[in-house]
Each structure stands twice: as structure tokens, then as C-alpha cells.
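File shown here: protein_31.txt, holding compact mmCIF, C-alpha atoms and all ligand atoms.
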```txt
# COMPACT_ATOMS: atom_id res chain seq x y z
CA MET A 50 -3.93 -71.08 -6.33
CA ARG A 51 -7.51 -70.36 -5.37
CA PRO A 52 -10.08 -72.65 -6.94
CA ILE A 53 -12.48 -71.20 -9.50
CA ALA A 54 -16.22 -71.86 -9.35
CA LEU A 55 -18.25 -71.21 -12.47
CA VAL A 56 -21.73 -70.10 -11.40
CA VAL A 57 -24.21 -70.75 -14.21
CA GLU A 58 -27.17 -68.69 -13.07
CA ASP A 59 -29.46 -66.12 -14.72
CA ASP A 60 -30.72 -64.51 -11.53
CA PRO A 61 -28.41 -61.60 -10.57
CA ALA A 62 -29.46 -61.64 -6.90
CA THR A 63 -28.57 -65.33 -6.57
CA CYS A 64 -25.23 -64.69 -8.31
CA HIS A 65 -24.50 -61.97 -5.80
CA VAL A 66 -25.28 -64.13 -2.76
CA LEU A 67 -23.29 -67.07 -4.17
CA SER A 68 -20.23 -65.02 -5.01
CA ALA A 69 -20.17 -63.45 -1.53
CA ALA A 70 -20.45 -66.85 0.17
CA LEU A 71 -17.84 -68.50 -2.06
CA ALA A 72 -15.44 -65.55 -1.82
CA ALA A 73 -15.61 -65.81 1.98
CA ALA A 74 -14.47 -69.42 1.57
CA GLU A 75 -11.58 -68.28 -0.67
CA ILE A 76 -13.15 -69.62 -3.83
CA ASP A 77 -13.11 -67.30 -6.84
CA CYS A 78 -16.26 -66.99 -8.91
CA ILE A 79 -16.83 -66.51 -12.57
CA PHE A 80 -20.32 -66.23 -13.99
CA ALA A 81 -22.47 -67.27 -16.91
CA ASN A 82 -26.08 -66.13 -17.22
CA SER A 83 -26.88 -68.49 -20.11
CA ALA A 84 -25.77 -71.77 -21.64
CA LEU A 85 -23.94 -69.89 -24.35
CA ALA A 86 -22.03 -67.91 -21.74
CA MET A 87 -21.20 -71.15 -19.92
CA TRP A 88 -19.50 -72.61 -22.97
CA ARG A 89 -17.47 -69.41 -23.31
CA GLN A 90 -16.44 -69.52 -19.65
CA MET A 91 -15.29 -73.15 -19.92
CA SER A 92 -12.07 -71.80 -21.46
CA GLU A 93 -11.22 -70.49 -17.95
CA ASN A 94 -11.01 -74.13 -16.76
CA PRO A 95 -13.28 -73.84 -13.72
CA ASP A 96 -12.66 -76.32 -10.88
CA VAL A 97 -16.34 -76.73 -10.12
CA ILE A 98 -19.66 -75.64 -11.66
CA VAL A 99 -22.77 -74.55 -9.75
CA LEU A 100 -25.56 -75.07 -12.26
CA ASP A 101 -29.05 -73.59 -12.29
CA LEU A 102 -31.39 -75.75 -14.37
CA GLY A 103 -33.66 -72.94 -15.52
CA LEU A 104 -31.64 -70.93 -18.03
CA PRO A 105 -33.02 -68.60 -20.69
CA ASP A 106 -31.49 -70.44 -23.64
CA ALA A 107 -31.28 -74.09 -22.58
CA ASP A 108 -32.73 -76.82 -20.44
CA GLY A 109 -30.23 -77.46 -17.66
CA PHE A 110 -30.42 -81.24 -17.99
CA GLU A 111 -29.65 -81.14 -21.71
CA LEU A 112 -26.85 -78.71 -21.04
CA LEU A 113 -25.38 -81.02 -18.40
CA GLN A 114 -25.56 -83.94 -20.79
CA GLN A 115 -23.67 -81.98 -23.45
CA LEU A 116 -21.15 -80.81 -20.87
CA ARG A 117 -20.47 -84.39 -19.75
CA GLN A 118 -19.47 -85.36 -23.28
CA LYS A 119 -16.66 -82.83 -23.08
CA SER A 120 -15.69 -82.44 -19.45
CA ASP A 121 -15.72 -84.19 -16.09
CA VAL A 122 -15.58 -80.99 -14.04
CA PRO A 123 -17.59 -81.51 -10.82
CA VAL A 124 -21.13 -80.13 -11.11
CA LEU A 125 -23.45 -79.14 -8.26
CA ILE A 126 -27.00 -78.57 -9.45
CA HIS A 127 -28.62 -75.68 -7.58
CA SER A 128 -32.24 -75.57 -8.61
CA THR A 129 -35.84 -74.94 -7.63
CA ARG A 130 -36.63 -78.16 -9.50
CA SER A 131 -35.91 -80.21 -6.44
CA ALA A 132 -38.35 -83.11 -6.56
CA GLU A 133 -36.78 -86.52 -5.89
CA ILE A 134 -37.13 -87.45 -9.56
CA GLU A 135 -35.29 -84.31 -10.67
CA ARG A 136 -32.47 -85.09 -8.26
CA ILE A 137 -32.19 -88.63 -9.54
CA VAL A 138 -32.24 -87.57 -13.19
CA GLY A 139 -29.62 -84.90 -12.45
CA ILE A 140 -27.25 -87.38 -10.83
CA GLU A 141 -27.93 -90.02 -13.50
CA ILE A 142 -26.88 -87.69 -16.28
CA GLY A 143 -23.72 -86.67 -14.54
CA ALA A 144 -24.21 -84.14 -11.76
CA ASP A 145 -22.09 -84.81 -8.68
CA ASP A 146 -24.48 -83.29 -6.18
CA PHE A 147 -27.82 -81.54 -5.99
CA LEU A 148 -29.03 -78.74 -3.75
CA ALA A 149 -32.56 -77.31 -3.72
CA LYS A 150 -33.12 -73.56 -3.97
CA PRO A 151 -33.30 -71.61 -1.80
CA CYS A 152 -30.55 -73.20 0.25
CA ASN A 153 -28.44 -72.31 3.20
CA MET A 154 -25.26 -70.74 1.82
CA ARG A 155 -23.14 -72.51 4.41
CA GLU A 156 -24.47 -75.81 3.09
CA LEU A 157 -23.76 -74.79 -0.49
CA VAL A 158 -20.18 -73.80 0.34
CA ALA A 159 -19.67 -77.09 2.21
CA ARG A 160 -20.90 -79.08 -0.83
CA VAL A 161 -18.71 -77.09 -3.21
CA LYS A 162 -15.67 -77.66 -1.00
CA SER A 163 -16.44 -81.36 -0.84
CA LEU A 164 -16.53 -81.52 -4.65
CA LEU A 165 -13.24 -79.64 -4.86
CA ARG A 166 -11.63 -82.12 -2.44
CA ARG A 167 -12.94 -85.03 -4.48
CA ALA A 168 -11.64 -83.56 -7.73
CA LYS A 169 -8.28 -82.85 -6.13
CA GLY A 170 -8.11 -86.42 -4.87
CA ARG A 171 -8.82 -87.56 -8.37
CA ALA A 172 -6.04 -85.40 -9.77
CA GLY A 173 -3.68 -87.22 -7.42
CA GLN A 174 -2.57 -84.13 -5.52
CA ASN A 175 -3.53 -85.27 -2.05
CA GLY A 176 -0.59 -87.52 -1.29
CA ASP A 177 -2.54 -90.76 -1.62
CA ARG A 178 -0.42 -93.84 -1.24
CA PRO A 179 1.06 -94.74 -4.60
CA CYS A 180 -0.19 -98.04 -5.94
CA GLY A 181 -0.42 -99.96 -9.16
CA MET A 182 -3.30 -100.35 -11.52
CA ARG A 183 -6.07 -102.64 -10.40
CA ARG A 184 -7.85 -105.04 -12.69
CA PHE A 185 -11.29 -106.53 -12.15
CA GLY A 186 -13.19 -108.38 -14.84
CA ASP A 187 -12.77 -106.52 -18.12
CA TRP A 188 -11.81 -103.30 -16.39
CA VAL A 189 -8.72 -101.55 -15.11
CA LEU A 190 -8.74 -98.71 -12.62
CA ASP A 191 -5.64 -96.53 -12.88
CA PRO A 192 -5.02 -94.64 -9.65
CA ALA A 193 -2.19 -92.58 -11.13
CA SER A 194 -4.31 -90.92 -13.79
CA ARG A 195 -7.54 -91.70 -11.90
CA VAL A 196 -9.30 -93.12 -14.92
CA LEU A 197 -11.29 -96.26 -15.65
CA ILE A 198 -10.07 -98.20 -18.68
CA ASP A 199 -12.23 -100.62 -20.66
CA LYS A 200 -11.22 -103.96 -22.21
CA ASN A 201 -10.05 -102.21 -25.37
CA GLY A 202 -7.67 -100.07 -23.35
CA LEU A 203 -9.79 -96.96 -23.78
CA PRO A 204 -10.54 -94.54 -20.95
CA VAL A 205 -14.21 -94.32 -20.00
CA THR A 206 -15.80 -91.09 -18.80
CA ILE A 207 -16.70 -91.36 -15.13
CA GLY A 208 -17.61 -88.45 -12.87
CA VAL A 209 -15.53 -87.61 -9.80
CA SER A 210 -18.19 -88.97 -7.43
CA ALA A 211 -18.67 -92.23 -9.29
CA TYR A 212 -14.89 -92.59 -9.51
CA ALA A 213 -14.48 -92.06 -5.75
CA LEU A 214 -17.14 -94.67 -5.01
CA LEU A 215 -15.76 -97.23 -7.46
CA ASN A 216 -12.34 -96.72 -5.93
CA ALA A 217 -13.80 -97.42 -2.47
CA PHE A 218 -15.37 -100.65 -3.78
CA VAL A 219 -12.20 -101.82 -5.52
CA ASP A 220 -10.27 -101.15 -2.29
CA LYS A 221 -12.45 -103.62 -0.40
CA PRO A 222 -13.80 -106.35 -2.67
CA PHE A 223 -16.14 -108.91 -1.08
CA GLN A 224 -16.64 -106.75 2.00
CA ALA A 225 -19.96 -105.22 3.02
CA LEU A 226 -19.67 -101.46 2.68
CA SER A 227 -22.26 -99.36 4.47
CA ARG A 228 -23.72 -96.18 3.01
CA GLU A 229 -21.89 -94.29 5.80
CA HIS A 230 -18.59 -95.77 4.62
CA LEU A 231 -19.36 -94.88 1.02
CA SER A 232 -20.36 -91.34 2.03
CA ARG A 233 -16.94 -90.94 3.59
CA ALA A 234 -15.41 -92.02 0.28
CA LEU A 235 -17.30 -89.09 -1.24
CA LYS A 236 -15.87 -86.85 1.50
CA ARG A 237 -19.46 -86.04 2.24
CA GLU A 238 -21.43 -86.06 5.42
CA TYR A 239 -23.79 -89.02 5.63
CA ILE A 240 -27.45 -88.08 5.60
CA ALA A 241 -29.87 -90.92 6.31
CA TYR A 242 -32.37 -91.50 3.51
CA ASP A 243 -30.29 -89.46 1.12
CA ARG A 244 -30.37 -91.51 -2.06
CA ILE A 245 -27.28 -90.03 -3.64
CA ILE A 246 -25.12 -93.08 -2.90
CA ASP A 247 -27.73 -95.42 -4.41
CA VAL A 248 -28.03 -93.31 -7.54
CA HIS A 249 -24.26 -93.26 -8.04
CA VAL A 250 -24.12 -97.03 -7.46
CA SER A 251 -26.74 -97.65 -10.14
CA GLN A 252 -24.75 -95.39 -12.46
CA ILE A 253 -21.59 -97.46 -11.81
CA ARG A 254 -23.53 -100.69 -12.31
CA ARG A 255 -24.78 -99.55 -15.69
CA LEU A 256 -21.31 -98.43 -16.69
CA LEU A 257 -19.58 -101.70 -15.72
CA GLY A 258 -22.27 -104.03 -17.08
CA GLN A 259 -22.00 -107.72 -16.27
CA GLN A 260 -19.17 -110.00 -15.28
CA SER A 261 -18.34 -112.96 -17.50
CA ASP A 262 -20.70 -115.20 -15.49
CA GLY A 263 -23.58 -112.79 -16.12
CA SER A 264 -23.70 -111.41 -12.57
CA GLY A 265 -23.30 -107.74 -11.77
CA TYR A 266 -20.25 -106.22 -10.08
CA ILE A 267 -22.06 -104.71 -7.13
CA LYS A 268 -24.60 -106.49 -4.98
CA THR A 269 -27.09 -104.78 -2.68
CA LEU A 270 -27.14 -106.10 0.88
CA ARG A 271 -30.45 -105.42 2.47
CA SER A 272 -30.08 -102.79 5.23
CA GLN A 273 -26.28 -103.17 5.13
CA GLY A 274 -25.21 -101.36 2.01
CA TYR A 275 -23.30 -102.83 -0.89
CA VAL A 276 -20.62 -105.35 -1.70
CA PHE A 277 -18.27 -105.44 -4.69
CA THR A 278 -18.33 -109.00 -5.99
CA ALA A 279 -15.37 -109.23 -8.37
CA ALA A 280 -11.79 -110.26 -7.64
CA VAL A 281 -9.38 -107.34 -7.85
CA GLU A 282 -5.77 -107.86 -8.80
CA LEU A 283 -2.85 -105.52 -9.10
CA CYS A 284 -1.52 -105.26 -12.62
CA ASP A 285 0.93 -103.17 -14.62
CA GLY A 286 -1.74 -102.03 -17.05
CA ASN A 287 -0.57 -104.14 -19.99
CA ALA A 288 -3.24 -106.38 -21.42
CA CA A 301 -32.94 -69.59 -13.45
```
Take the structure in the file and write it out as C-alpha cells.
Amino acid sequence: MRPIALVVEDDPATCHVLSAALAAAEIDCIFANSALAMWRQMSENPDVIVLDLGLPDADGFELLQQLRQKSDVPVLIHSTRSAEIERIVGIEIGADDFLAKPCNMRELVARVKSLLRRAKGRAGQNGDRPCGMRRFGDWVLDPASRVLIDKNGLPVTIGVSAYALLNAFVDKPFQALSREHLSRALKREYIAYDRIIDVHVSQIRRLLGQQSDGSGYIKTLRSQGYVFTAAVELCDGNA
């Protein structure tokens, strides 16, 4: 089945260019020219959303925040609001990637495909090796359902990008992981000085909180990247 991209965009010319580029990559497009229309289109279960921040009836950031309470569909922000701070805020509140307008359509299609691969990996359809649940501190990562479970046994919302990164950390505890390595975990080309990895890491840090000894789970290694500093054990998921 061809993946479906929901393009949330109020500029008809941009919609036209996006749909042509995505169609050429065998991705079907559905459209929403407002926040209201986006909520209606969510019933079509899109595989990815390309989100313009400037919509007639909503602020894109608020919309994204509301969306994240209901769905973890991958979101690529495509916006003229492309200052570093906007990118960071966008990722912090749950976008998976950010592309400034106007962008090269080949780049946009590549990013969308990367998000689709990540989401597919998360859904467990890519033939990953089967393995048990992994426990670290108060948390359990369940590779079968691809969710993070808290100490009360409740699933915690985590975006596809943050999930992919956390999974990469849990795979290699106490090992220095470079930003290049972590970019590969995101199935994304590494771009030097791109802060996306750092923003996702701070998101994961905030989500996990502290270990029982008061230290964080992820340490920054100057000019080397990051290291996950908690023991990881296989478990059967029962507390
Ligand atoms: Ca707009």
C-alpha cells in the first residue's frame, strides 16, 4: 500500500508543488488548508504530516502540541519561520524534522521518506531482530510494540525520532555514541552543526528524568557525542 502524506498547507501553489513531488516518489497526498481541515483528515490515518506553521485558523505550534496529545504520526514542519529558535521549539513540542521554505523538493521528499522508514521501523515491519523488553532504571522499552513504559506500567508518548534515538542508546549503554552514529539511527543523513540530534536528546532527557542516584541517563561527551549511563537488562516486562 502506498503511504499517505497529509499536507497541511493553505497556499495552493505550495500544495501543488508538494503533491507533484510526493506523487513522483509514490506517496499519495491528502490536503488540509486549515487546522480544522487537518483534524477532519486525521480520520484517513495519514502516515506522515507535512505541516505549515502559518495557517488561517491556528498557530502551527499550538496545533502540533494538540496533535501530539492524540497522535504520534511523524510530522515534518515546512515553514518560512525557520530561525534556529523556531526549529528548536518545533522539535521540542514534537515535530520529527524541520525544513525551511522555500526548500528543494528533492530534499523534502528525502526527509518525508526518512520519516516513513522510521515510523515503519517503529511499527515493527522491517524485520528487526526479535528481542525481549529492556529495562533501565524505572523504565522499560518494549521493542515489540515500540513503546516506552513508565514505572507504573503505563505507556509514555514518545515521537518516532526520539524513540529511534532512545533505542540506539539502549542498544549500546556505556559506549560513546557520535552524532553521526545517532543520525544513522534516525535513518537520516548527518549534517554537521545540525542541532536536531541535540534537541531530541534533551527531549529524551526531560522525559526520562533522573536515575535513582540523581544523575541523568544521558551524558554529553565533549566533541564526541553522547553516552547512555544506565545499566540495561533484558526482562519479560513483568514488574
Ligand atoms: Ca501558510
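If you measure from each of A:Met154, A:Ile98, A:Leu112, A:Ala107 to His65 in chain A using all atoms listed in the file, the closest one turns out to be A:Met154.
Here CA of Leu283 in chain A and CA of Arg183 in chain A stand 4.5 Å from one another.
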Distance limit 9 Å, reference ligand CA 301 (chain A), atoms considered: only C-alpha atoms and all ligand atoms. Which residues make the cut? Give them as a PyMOL selection string. chain A and resi 57-60+82+101-105+128-129
Polymer residues at most 8 Å from Ile76 in chain A, only C-alpha atoms, same-chain spacing of 6 or more positions, as a list of chain:residue names: A:Arg51, A:Pro52, A:Ile53, A:Ala54
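With all atoms listed in the file taken into account, the protein and nucleic acid residues at most 8 Å from Val276 in chain A (excluding it and anything under 4 positions from it in its own chain) are A:Phe218, A:Pro222, A:Phe223, A:Gln224, A:Ala225, A:Leu226, A:Ile267, A:Lys268, A:Thr269, A:Leu270.
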Closest of A:Val124, A:Ile137, A:Val196, A:Ala149 to Leu164 in chain A, counting all atoms listed in the file, is A:Val124
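With distances restricted to all atoms listed in the file, A:Leu257 is the closest residue to Lys200 in chain A from A:Ala69, A:Leu257, A:Ala234, A:Ala62.
Take CA of Asp108 in chain A and CA of Ala86 in chain A: the distance between them is 14.0 Å.
Minimum atom-to-atom distances from A:Glu229, A:Glu141, A:Met91, A:Arg195 to Arg255 in chain A were compared using all atoms listed in the file, and the lowest value belongs to A:Glu141.
Shortest separation to Ala159 in chain A among A:Cys284, A:Ala213, A:Leu71, A:Val250 occurs at residue A:Leu71, atoms counted being all atoms listed in the file.
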Name all residues at most 9 Å from Gln260 in chain A (count all atoms listed in the file; drop same-chain ones fewer than 4 positions away) and give them as a ChimeraX atom specification. /A:186-187,264-266,279
Do a neighbour search on Leu100 in chain A at 10 Å with only C-alpha atoms, toss out local chain neighbours closer than 5 positions, and write the hits as a list in words. Leu55, Val56, Val57, Glu58, Ala81, Ala84, Met87, Gly109, Phe110, Leu112, Leu113, Val124, Leu125, Ile126, His127, Ser128, Ala144, Phe147 and Leu148 of chain A
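For the set A:Asn216, A:Ser227, A:Ser92, A:Ser68, the residue with the smallest atom-to-atom gap to Tyr275 in chain A is A:Ser227, counting all atoms listed in the file.
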Residue neighbourhood Leu165 in chain A, 8 Å, all atoms listed in the file, exclusion window fewer than 5 positions, as a VMD selection string: chain A and resid 52 96 to 97 123
